file target_1.txt (compact mmCIF, C-alpha atoms (C1' of nucleotides))
# COMPACT_ATOMS: atom_id res chain seq x y z
CA MET L 1 -19.11 6.78 1.86
CA ASP L 2 -18.99 3.05 1.17
CA GLU L 3 -16.25 0.63 2.16
CA LYS L 4 -14.56 0.67 -1.23
CA ARG L 5 -14.20 4.44 -1.30
CA ALA L 6 -13.02 4.47 2.29
CA ILE L 7 -10.25 2.01 1.47
CA THR L 8 -9.20 4.09 -1.53
CA ALA L 9 -9.12 7.25 0.59
CA LEU L 10 -7.21 5.55 3.41
CA GLY L 11 -4.68 4.19 0.94
CA ALA L 12 -4.27 7.58 -0.66
CA LEU L 13 -3.38 9.12 2.70
CA ALA L 14 -1.18 6.23 3.85
CA GLN L 15 1.96 7.51 2.17
CA GLU L 16 4.44 10.09 3.37
CA THR L 17 4.47 12.34 0.31
CA ARG L 18 0.72 12.19 -0.23
CA LEU L 19 -0.14 12.88 3.39
CA ALA L 20 2.19 15.88 3.41
CA LEU L 21 0.69 16.98 0.09
CA PHE L 22 -2.86 16.74 1.35
CA ARG L 23 -2.00 18.55 4.57
CA LEU L 24 -0.40 21.32 2.53
CA LEU L 25 -3.47 21.73 0.38
CA VAL L 26 -5.74 21.70 3.42
CA THR L 27 -3.90 24.69 4.83
CA CYS L 28 -4.35 26.52 1.55
CA GLY L 29 -8.10 26.29 1.48
CA PRO L 30 -10.20 26.41 -1.69
CA ALA L 31 -7.60 28.60 -3.40
CA GLY L 32 -5.29 25.63 -3.72
CA LEU L 33 -1.80 25.56 -5.22
CA PRO L 34 -0.35 24.92 -8.70
CA ALA L 35 1.51 21.63 -9.20
CA GLY L 36 4.82 23.34 -9.67
CA THR L 37 4.61 25.13 -6.35
CA ILE L 38 3.64 21.93 -4.60
CA ALA L 39 6.59 20.07 -6.12
CA GLU L 40 8.94 22.81 -4.99
CA ARG L 41 7.41 22.99 -1.51
CA LEU L 42 7.58 19.24 -0.95
CA GLY L 43 10.87 18.70 -2.73
CA VAL L 44 9.64 16.00 -5.08
CA GLN L 45 10.16 15.59 -8.80
CA PRO L 46 7.35 16.75 -11.08
CA SER L 47 6.69 13.30 -12.52
CA SER L 48 6.58 11.77 -9.06
CA LEU L 49 4.23 14.49 -7.87
CA SER L 50 1.87 13.89 -10.79
CA PHE L 51 1.71 10.26 -9.76
CA HIS L 52 0.67 11.15 -6.21
CA LEU L 53 -1.69 13.92 -7.29
CA ALA L 54 -3.50 11.45 -9.53
CA GLN L 55 -4.05 9.07 -6.63
CA LEU L 56 -5.48 11.78 -4.40
CA VAL L 57 -7.74 12.96 -7.23
CA HIS L 58 -8.87 9.39 -7.83
CA ALA L 59 -9.68 9.08 -4.14
CA GLY L 60 -11.70 12.28 -4.36
CA LEU L 61 -9.59 13.95 -1.69
CA ILE L 62 -8.43 16.76 -3.97
CA THR L 63 -9.68 18.36 -7.19
CA GLN L 64 -7.92 19.80 -10.20
CA ARG L 65 -8.68 22.91 -12.22
CA ARG L 66 -6.72 24.75 -14.87
CA ALA L 67 -5.68 28.38 -14.65
CA SER L 68 -3.89 29.30 -17.85
CA ARG L 69 -0.81 27.13 -18.02
CA GLN L 70 -1.04 25.98 -14.44
CA LEU L 71 -3.04 23.15 -12.95
CA ILE L 72 -4.35 24.14 -9.55
CA TYR L 73 -5.04 21.49 -6.96
CA SER L 74 -7.18 22.04 -3.88
CA ALA L 75 -8.44 19.92 -0.99
CA GLU L 76 -11.90 18.41 -1.18
CA TYR L 77 -13.05 18.89 2.39
CA GLY L 78 -16.27 16.99 1.92
CA THR L 79 -14.48 13.73 1.16
CA MET L 80 -12.29 14.07 4.23
CA ASN L 81 -15.35 14.69 6.37
CA ALA L 82 -17.05 11.68 4.82
CA LEU L 83 -14.02 9.52 5.60
CA LEU L 84 -13.97 10.68 9.22
CA ALA L 85 -17.69 10.01 9.47
CA TYR L 86 -17.22 6.53 8.01
CA LEU L 87 -14.44 5.69 10.47
CA THR L 88 -16.38 7.08 13.40
CA GLU L 89 -19.52 5.18 12.47
CA ASN L 90 -18.00 1.91 11.32
CA CYS L 91 -14.80 1.55 13.25
CA CYS L 92 -15.83 2.81 16.65
CA GLY L 93 -19.10 0.97 17.13
CA ARG L 94 -20.99 4.18 17.77
CA ASP L 95 -22.80 6.88 15.85
CA ALA L 96 -20.85 9.84 14.56
CA ALA L 97 -22.95 11.94 16.91
CA GLY L 98 -21.48 10.21 19.96
CA ALA L 99 -18.76 12.60 21.02
CA PRO L 100 -16.40 10.32 22.99
CA ALA L 101 -16.40 7.72 20.24
CA CYS L 102 -14.53 4.45 20.57
CA ASP L 103 -14.64 4.30 24.34
CA PRO L 104 -15.49 0.71 25.31
CA ALA L 105 -16.62 1.94 28.72
CA THR L 106 -19.53 3.69 27.07
CA GLY L 107 -20.77 0.48 25.47
CA CYS L 108 -18.81 0.32 22.24
CA ARG L 109 -20.04 -2.95 20.82
CA GLY L 110 -22.57 -4.39 18.38
CA LYS L 111 -25.49 -6.67 19.02
CA ASP L 112 -24.12 -10.07 20.00
CA PRO L 113 -20.90 -10.13 17.94
CA ALA L 114 -19.91 -13.51 19.32
CA ALA L 115 -22.94 -15.20 17.75
CA MET W 116 0.06 10.50 17.40
CA ASP W 117 2.88 11.53 15.08
CA GLU W 118 2.89 11.43 11.30
CA LYS W 119 4.75 8.17 11.08
CA ARG W 120 2.28 6.31 13.28
CA ALA W 121 -0.63 7.88 11.46
CA ILE W 122 0.68 6.60 8.12
CA THR W 123 1.16 3.12 9.57
CA ALA W 124 -2.38 3.12 10.97
CA LEU W 125 -3.88 4.44 7.73
CA GLY W 126 -2.01 1.81 5.74
CA ALA W 127 -3.17 -0.91 8.10
CA LEU W 128 -6.80 0.05 7.52
CA ALA W 129 -6.42 0.59 3.77
CA GLN W 130 -7.01 -3.04 2.84
CA GLU W 131 -10.25 -4.92 2.42
CA THR W 132 -9.52 -7.87 4.70
CA ARG W 133 -7.90 -5.75 7.41
CA LEU W 134 -10.66 -3.15 7.46
CA ALA W 135 -13.27 -5.91 7.77
CA LEU W 136 -11.17 -7.53 10.47
CA PHE W 137 -10.84 -4.36 12.46
CA ARG W 138 -14.54 -3.59 12.12
CA LEU W 139 -15.34 -7.09 13.35
CA LEU W 140 -13.14 -6.68 16.41
CA VAL W 141 -14.60 -3.27 17.14
CA THR W 142 -18.06 -4.79 17.38
CA CYS W 143 -16.74 -7.39 19.82
CA GLY W 144 -15.43 -4.93 22.34
CA PRO W 145 -12.61 -5.68 24.79
CA ALA W 146 -13.56 -9.37 24.84
CA GLY W 147 -12.13 -9.81 21.37
CA LEU W 148 -12.08 -12.96 19.28
CA PRO W 149 -9.62 -15.87 18.80
CA ALA W 150 -7.73 -15.99 15.50
CA GLY W 151 -9.49 -19.15 14.39
CA THR W 152 -12.92 -17.62 14.76
CA ILE W 153 -11.84 -14.53 12.88
CA ALA W 154 -10.47 -16.61 10.02
CA GLU W 155 -13.71 -18.53 9.82
CA ARG W 156 -15.85 -15.40 10.04
CA LEU W 157 -13.91 -13.56 7.33
CA GLY W 158 -13.28 -16.59 5.16
CA VAL W 159 -9.51 -16.17 4.91
CA GLN W 160 -6.77 -18.74 5.33
CA PRO W 161 -5.05 -18.90 8.71
CA SER W 162 -1.64 -17.95 7.35
CA SER W 163 -3.09 -15.01 5.48
CA LEU W 164 -4.95 -13.88 8.56
CA SER W 165 -1.79 -13.99 10.66
CA PHE W 166 -0.17 -11.70 8.14
CA HIS W 167 -2.96 -9.14 8.46
CA LEU W 168 -3.25 -9.48 12.22
CA ALA W 169 0.46 -8.74 12.52
CA GLN W 170 0.06 -5.52 10.56
CA LEU W 171 -2.81 -4.31 12.72
CA VAL W 172 -0.88 -5.18 15.87
CA HIS W 173 2.17 -3.35 14.53
CA ALA W 174 -0.02 -0.32 13.86
CA GLY W 175 -1.29 -0.52 17.42
CA LEU W 176 -4.89 -0.85 16.28
CA ILE W 177 -5.40 -4.23 17.92
CA THR W 178 -3.75 -6.18 20.73
CA GLN W 179 -3.05 -9.86 21.27
CA ARG W 180 -3.36 -11.99 24.39
CA ARG W 181 -3.22 -15.71 24.94
CA ALA W 182 -6.00 -17.76 26.50
CA SER W 183 -4.89 -21.34 26.71
CA ARG W 184 -4.28 -22.52 23.17
CA GLN W 185 -6.03 -19.57 21.59
CA LEU W 186 -4.69 -16.17 20.75
CA ILE W 187 -7.34 -13.54 21.39
CA TYR W 188 -7.29 -10.30 19.43
CA SER W 189 -9.21 -7.20 20.43
CA ALA W 190 -9.53 -3.65 19.13
CA GLU W 191 -7.40 -0.92 20.66
CA TYR W 192 -9.89 1.91 20.78
CA GLY W 193 -7.37 4.46 21.97
CA THR W 194 -5.29 4.21 18.80
CA MET W 195 -8.35 4.63 16.61
CA ASN W 196 -9.35 7.71 18.57
CA ALA W 197 -5.82 9.06 18.27
CA LEU W 198 -5.91 8.52 14.51
CA LEU W 199 -9.23 10.33 14.20
CA ALA W 200 -7.85 13.16 16.33
CA TYR W 201 -4.75 13.37 14.15
CA LEU W 202 -6.79 13.54 10.96
CA THR W 203 -9.16 16.09 12.41
CA GLU W 204 -6.34 18.29 13.67
CA ASN W 205 -3.89 17.94 10.80
CA CYS W 206 -6.00 17.29 7.76
CA CYS W 207 -8.90 19.62 8.34
CA GLY W 208 -7.12 22.80 9.31
CA ARG W 209 -9.07 23.07 12.54
CA ASP W 210 -8.89 21.86 16.13
CA ALA W 211 -10.48 18.56 17.01
CA ALA W 212 -12.82 20.57 19.23
CA GLY W 213 -14.29 22.36 16.23
CA ALA W 214 -17.43 20.34 15.58
CA PRO W 215 -18.07 21.04 11.87
CA ALA W 216 -14.46 20.31 10.98
CA CYS W 217 -13.18 20.64 7.43
CA ASP W 218 -15.73 23.21 6.32
CA PRO W 219 -13.87 25.87 4.34
CA ALA W 220 -16.71 28.32 4.96
CA THR W 221 -15.80 28.36 8.63
CA GLY W 222 -12.25 29.44 7.91
CA CYS W 223 -10.46 26.16 7.31
CA ARG W 224 -6.99 27.36 6.46
CA GLY W 225 -3.59 28.00 8.02
CA LYS W 226 -1.73 31.24 8.43
CA ASP W 227 -0.65 32.45 4.99
CA PRO W 228 -0.06 29.12 3.24
CA ALA W 229 0.82 30.82 -0.03
CA ALA W 230 3.92 32.46 1.47
C1' DT C 231 4.72 29.59 -36.88
C1' DA C 232 8.33 28.93 -33.64
C1' DC C 233 9.67 28.89 -28.91
C1' DA C 234 9.31 28.51 -23.94
C1' DT C 235 6.80 27.12 -19.83
C1' DA C 236 3.78 23.88 -16.91
C1' DA C 237 2.64 19.54 -16.22
C1' DT C 238 1.61 14.83 -17.48
C1' DT C 239 2.56 10.39 -19.53
C1' DT C 240 5.44 6.57 -20.57
C1' DG C 241 8.79 2.89 -19.75
C1' DA C 242 12.10 0.80 -16.84
C1' DT C 243 13.38 -0.62 -12.31
C1' DG C 244 13.67 -1.90 -7.43
C1' DA C 245 10.80 -2.32 -3.27
C1' DT C 246 6.72 -3.59 -0.96
C1' DT C 247 2.34 -6.18 -0.63
C1' DG C 248 -0.83 -10.16 -0.39
C1' DT C 249 -1.64 -15.15 -1.16
C1' DT C 250 -0.68 -19.99 -0.91
C1' DG C 251 1.02 -24.36 0.92
C1' DA C 252 4.39 -26.60 3.85
C1' DA C 253 6.86 -26.57 8.02
C1' DT C 254 7.27 -24.98 12.76
C1' DT C 255 6.12 -23.37 17.55
C1' DA C 256 3.09 -23.44 21.63
C1' DT C 257 -0.37 -25.43 24.54
C1' DG C 258 -3.33 -29.03 26.58
C1' DG C 259 -4.90 -33.83 27.26
C1' DA C 260 -4.52 -39.07 27.19
C1' DT R 261 5.89 -39.13 26.28
C1' DC R 262 2.81 -38.98 22.36
C1' DC R 263 -0.80 -36.90 19.96
C1' DA R 264 -4.07 -33.31 18.61
C1' DT R 265 -5.26 -28.49 18.33
C1' DA R 266 -4.34 -23.35 17.53
C1' DA R 267 -1.75 -20.38 15.31
C1' DT R 268 2.45 -18.57 13.36
C1' DT R 269 6.49 -18.55 10.41
C1' DC R 270 8.77 -19.47 6.14
C1' DA R 271 9.61 -19.61 1.10
C1' DA R 272 7.96 -18.70 -3.39
C1' DC R 273 5.31 -16.12 -6.43
C1' DA R 274 2.44 -12.62 -8.89
C1' DA R 275 0.76 -8.03 -8.39
C1' DT R 276 1.05 -3.42 -7.01
C1' DC R 277 3.64 0.71 -5.63
C1' DA R 278 7.07 4.56 -5.84
C1' DT R 279 10.80 6.73 -8.29
C1' DC R 280 13.59 8.33 -12.03
C1' DA R 281 14.63 10.06 -16.67
C1' DA R 282 12.94 10.86 -21.28
C1' DA R 283 9.24 11.94 -24.26
C1' DT R 284 4.76 14.08 -24.91
C1' DT R 285 0.71 17.25 -24.41
C1' DA R 286 -1.26 21.81 -23.44
C1' DT R 287 -0.97 26.66 -23.07
C1' DG R 288 0.78 31.33 -23.76
C1' DT R 289 3.91 34.65 -26.15
C1' DA R 290 7.02 36.81 -29.62

call {"tool": "encode", "arguments": {"input": "target_1.txt", "output": "structure tokens"}}
result
Amino acid sequence: MDEKRAITALGALAQETRLALFRLLVTCGPAGLPAGTIAERLGVQPSSLSFHLAQLVHAGLITQRRASRQLIYSAEYGTMNALLAYLTENCCGRDAAGAPACDPATGCRGKDPAA
Amino acid sequence: MDEKRAITALGALAQETRLALFRLLVTCGPAGLPAGTIAERLGVQPSSLSFHLAQLVHAGLITQRRASRQLIYSAEYGTMNALLAYLTENCCGRDAAGAPACDPATGCRGKDPAA
DNA sequence: TACATAATTTGATGATTGTTGAATTATGGA
DNA sequence: TCCATAATTCAACAATCATCAAATTATGTA
């Protein structure tokens, strides 16, 4: 994941309704949920939900598929993993492999940042 | 970390200048950098930088301390770790301990989400 | 075809965001 | 005290975001 996509994904999750929406879809697994059910579950208007769904789709965090009259949305786990990997690698100063990431005591710094 | 703080942190990182700023501070470790140096390094105006610094401070992702005439900013690794933990726990359907988080094949779903 | 359902799209509106330049606060030195 | 440096705060502005209601598109059924 590059910086641009990371920013888009972070922005998509940085909103109350969208974060709740994504968390809901994550708990539903690949089966996903139709838009109508999501709107009902979250208590948001259909048009407002469409707006938020579009942003999450654009960020690649969820995908859409049609089942008859319903549009089913489901979480895209790979993108979430890629975002976590990006943050771990680029915002903690350590490799994703390093378990206790972001601990300055373990040497969390680049090569001569003050230069 | 609760949902509200997570949204604030996500929003703080979801912006080009702020993400670059945070990444820069992460590479500098606890020593941090003075505002002037950051502005120069990122090529942003001082007033604009102050705006972004304030948001990161408010999100708890960086801290400020004074050294003579300079204000030194440094990354707050604990908050970043807390954010990663929140995302892993709440947006992947698995515990943070689960290494290959977010993989639906490993059973990444809640208890009867369709109910 | 005509009708109903599921969801999106559009347009309007108020709120928030990010940038710029000028003014202000805080600190240190002559 | 007076001046210079470091940085923030303020005011104005354009751009983006989130919400609502109305209109539109897509699908399935009688």

call {"tool": "interface_residues", "arguments": {"input": "target_1.txt", "of": "chain W", "to": "chain C", "cutoff": "9 Å", "atoms": "all atoms listed in the file", "output": "list in words"}}
result
Gln160, Ser162, Ser163, Phe166, Ser183, Arg184 and Gln185 of chain W

call {"tool": "calpha_fit_and_write", "arguments": {"input": "target_1.txt", "fixed": "chain L", "moving": "chain W", "output": "short mmCIF file (atom, residue, chain, number, x, y, z; two decimals) with C-alpha atoms, in the frame of the given file"}}
result
data_model
loop_
_atom_site.label_atom_id
_atom_site.label_comp_id
_atom_site.auth_asym_id
_atom_site.auth_seq_id
_atom_site.Cartn_x
_atom_site.Cartn_y
_atom_site.Cartn_z
CA MET W 116 -19.11 6.77 1.82
CA ASP W 117 -18.97 3.04 1.13
CA GLU W 118 -16.23 0.63 2.12
CA LYS W 119 -14.55 0.67 -1.25
CA ARG W 120 -14.18 4.45 -1.31
CA ALA W 121 -13.02 4.46 2.28
CA ILE W 122 -10.23 2.01 1.46
CA THR W 123 -9.18 4.10 -1.53
CA ALA W 124 -9.11 7.26 0.59
CA LEU W 125 -7.21 5.56 3.42
CA GLY W 126 -4.68 4.19 0.95
CA ALA W 127 -4.27 7.59 -0.64
CA LEU W 128 -3.38 9.12 2.72
CA ALA W 129 -1.18 6.23 3.85
CA GLN W 130 1.98 7.52 2.18
CA GLU W 131 4.45 10.10 3.39
CA THR W 132 4.49 12.35 0.33
CA ARG W 133 0.73 12.19 -0.21
CA LEU W 134 -0.13 12.88 3.41
CA ALA W 135 2.19 15.90 3.40
CA LEU W 136 0.68 17.00 0.10
CA PHE W 137 -2.85 16.74 1.36
CA ARG W 138 -1.99 18.55 4.58
CA LEU W 139 -0.39 21.33 2.55
CA LEU W 140 -3.48 21.74 0.39
CA VAL W 141 -5.73 21.71 3.42
CA THR W 142 -3.89 24.70 4.83
CA CYS W 143 -4.36 26.53 1.53
CA GLY W 144 -8.11 26.30 1.49
CA PRO W 145 -10.22 26.41 -1.69
CA ALA W 146 -7.61 28.59 -3.41
CA GLY W 147 -5.30 25.62 -3.74
CA LEU W 148 -1.82 25.56 -5.22
CA PRO W 149 -0.36 24.90 -8.71
CA ALA W 150 1.48 21.61 -9.21
CA GLY W 151 4.82 23.34 -9.69
CA THR W 152 4.61 25.12 -6.37
CA ILE W 153 3.64 21.92 -4.61
CA ALA W 154 6.59 20.07 -6.13
CA GLU W 155 8.93 22.81 -5.01
CA ARG W 156 7.42 23.00 -1.53
CA LEU W 157 7.58 19.24 -0.96
CA GLY W 158 10.86 18.70 -2.76
CA VAL W 159 9.64 15.96 -5.09
CA GLN W 160 10.16 15.57 -8.82
CA PRO W 161 7.35 16.73 -11.09
CA SER W 162 6.68 13.28 -12.52
CA SER W 163 6.57 11.76 -9.07
CA LEU W 164 4.22 14.46 -7.88
CA SER W 165 1.85 13.86 -10.78
CA PHE W 166 1.69 10.24 -9.75
CA HIS W 167 0.67 11.15 -6.21
CA LEU W 168 -1.69 13.91 -7.27
CA ALA W 169 -3.49 11.43 -9.51
CA GLN W 170 -4.04 9.06 -6.60
CA LEU W 171 -5.48 11.78 -4.39
CA VAL W 172 -7.74 12.96 -7.20
CA HIS W 173 -8.87 9.38 -7.81
CA ALA W 174 -9.67 9.07 -4.11
CA GLY W 175 -11.69 12.27 -4.34
CA LEU W 176 -9.59 13.96 -1.67
CA ILE W 177 -8.44 16.76 -3.95
CA THR W 178 -9.68 18.35 -7.17
CA GLN W 179 -7.92 19.80 -10.19
CA ARG W 180 -8.68 22.91 -12.22
CA ARG W 181 -6.74 24.74 -14.88
CA ALA W 182 -5.70 28.38 -14.66
CA SER W 183 -3.90 29.31 -17.82
CA ARG W 184 -0.82 27.12 -18.02
CA GLN W 185 -1.06 25.98 -14.43
CA LEU W 186 -3.04 23.15 -12.96
CA ILE W 187 -4.37 24.15 -9.55
CA TYR W 188 -5.07 21.49 -6.95
CA SER W 189 -7.18 22.06 -3.86
CA ALA W 190 -8.42 19.93 -0.98
CA GLU W 191 -11.89 18.42 -1.16
CA TYR W 192 -13.03 18.89 2.40
CA GLY W 193 -16.26 16.99 1.92
CA THR W 194 -14.48 13.72 1.17
CA MET W 195 -12.28 14.07 4.23
CA ASN W 196 -15.33 14.69 6.38
CA ALA W 197 -17.04 11.68 4.83
CA LEU W 198 -14.01 9.53 5.59
CA LEU W 199 -13.94 10.68 9.21
CA ALA W 200 -17.67 10.00 9.46
CA TYR W 201 -17.19 6.52 8.00
CA LEU W 202 -14.43 5.69 10.45
CA THR W 203 -16.37 7.06 13.38
CA GLU W 204 -19.52 5.16 12.44
CA ASN W 205 -17.99 1.89 11.28
CA CYS W 206 -14.79 1.54 13.21
CA CYS W 207 -15.82 2.78 16.61
CA GLY W 208 -19.07 0.94 17.13
CA ARG W 209 -20.95 4.16 17.78
CA ASP W 210 -22.77 6.88 15.87
CA ALA W 211 -20.81 9.84 14.62
CA ALA W 212 -22.97 11.93 16.96
CA GLY W 213 -21.54 10.17 20.00
CA ALA W 214 -18.85 12.59 21.11
CA PRO W 215 -16.47 10.31 23.06
CA ALA W 216 -16.46 7.74 20.27
CA CYS W 217 -14.54 4.49 20.57
CA ASP W 218 -14.63 4.31 24.35
CA PRO W 219 -15.48 0.73 25.30
CA ALA W 220 -16.63 1.91 28.72
CA THR W 221 -19.53 3.69 27.08
CA GLY W 222 -20.78 0.51 25.45
CA CYS W 223 -18.79 0.36 22.23
CA ARG W 224 -20.00 -2.90 20.78
CA GLY W 225 -22.54 -4.32 18.34
CA LYS W 226 -25.45 -6.60 18.99
CA ASP W 227 -24.11 -10.02 19.97
CA PRO W 228 -20.92 -10.13 17.89
CA ALA W 229 -19.95 -13.52 19.28
CA ALA W 230 -22.99 -15.21 17.71
#

call {"tool": "closest_residue", "arguments": {"input": "target_1.txt", "among": "R:DA290, R:DA266, R:DC273, R:DT285", "to": "chain L", "atoms": "all atoms listed in the file"}}
result
R:DT285

call {"tool": "closest_residue", "arguments": {"input": "target_1.txt", "among": "L:Glu89, L:Glu16, L:Asp2, L:Glu76", "to": "chain R", "atoms": "only C-alpha atoms (C1' of nucleotides)"}}
result
L:Glu16

call {"tool": "closest_residue", "arguments": {"input": "target_1.txt", "among": "W:Cys206, W:Ala127, W:Ile187, W:Leu134", "to": "chain R", "atoms": "only C-alpha atoms (C1' of nucleotides)"}}
result
W:Ile187

call {"tool": "closest_residue", "arguments": {"input": "target_1.txt", "among": "R:DT289, R:DT279, R:DT284, R:DT261", "to": "chain L", "atoms": "only C-alpha atoms (C1' of nucleotides)"}}
result
R:DT279

call {"tool": "atom_distance", "arguments": {"input": "target_1.txt", "atom1": "atom CA of W:Thr142", "atom2": "atom CA of W:Tyr192"}}
result
11.1 Å

call {"tool": "interface_residues", "arguments": {"input": "target_1.txt", "of": "chain R", "to": "chain W", "cutoff": "10 Å", "atoms": "only C-alpha atoms (C1' of nucleotides)", "output": "compact mmCIF listing (two decimals) with C-alpha atoms (C1' of nucleotides), in the frame of the given file"}}
result
# COMPACT_ATOMS: atom_id res chain seq x y z
C1' DT R 265 -5.26 -28.49 18.33
C1' DA R 266 -4.34 -23.35 17.53
C1' DA R 267 -1.75 -20.38 15.31
C1' DT R 268 2.45 -18.57 13.36
C1' DT R 269 6.49 -18.55 10.41

call {"tool": "residues_around", "arguments": {"input": "target_1.txt", "residues": "L:Ala14", "least_positions_apart": "3", "cutoff": "7 Å", "atoms": "only C-alpha atoms (C1' of nucleotides)", "output": "tab-separated table (two decimals) with C-alpha atoms, keeping the file's coordinate frame"}}
result
chain	number	residue	atom	x	y	z
L	10	LEU	CA	-7.21	5.55	3.41
L	11	GLY	CA	-4.68	4.19	0.94
L	19	LEU	CA	-0.14	12.88	3.39
W	122	ILE	CA	0.68	6.60	8.12
W	123	THR	CA	1.16	3.12	9.57
W	125	LEU	CA	-3.88	4.44	7.73
W	126	GLY	CA	-2.01	1.81	5.74

call {"tool": "atom_distance", "arguments": {"input": "target_1.txt", "atom1": "atom CA of L:Val44", "atom2": "atom CA of L:Leu21"}}
result
10.4 Å

call {"tool": "residues_around", "arguments": {"input": "target_1.txt", "residues": "W:Arg133", "least_positions_apart": "4", "cutoff": "8 Å", "atoms": "all atoms listed in the file", "output": "list in words"}}
result
Ala127, Leu128, Ala129, Phe137, His167, Leu168 and Leu171 of chain W

call {"tool": "closest_residue", "arguments": {"input": "target_1.txt", "among": "L:Gln15, L:Thr79, L:Gln64, L:Thr37", "to": "chain W", "atoms": "only C-alpha atoms"}}
result
L:Gln15

call {"tool": "closest_residue", "arguments": {"input": "target_1.txt", "among": "W:His173, W:Arg120, W:Arg156, W:Arg138", "to": "chain L", "atoms": "all atoms listed in the file"}}
result
W:Arg138

call {"tool": "atom_distance", "arguments": {"input": "target_1.txt", "atom1": "atom CA of L:Val26", "atom2": "atom CA of W:Gln170"}}
result
28.7 Å
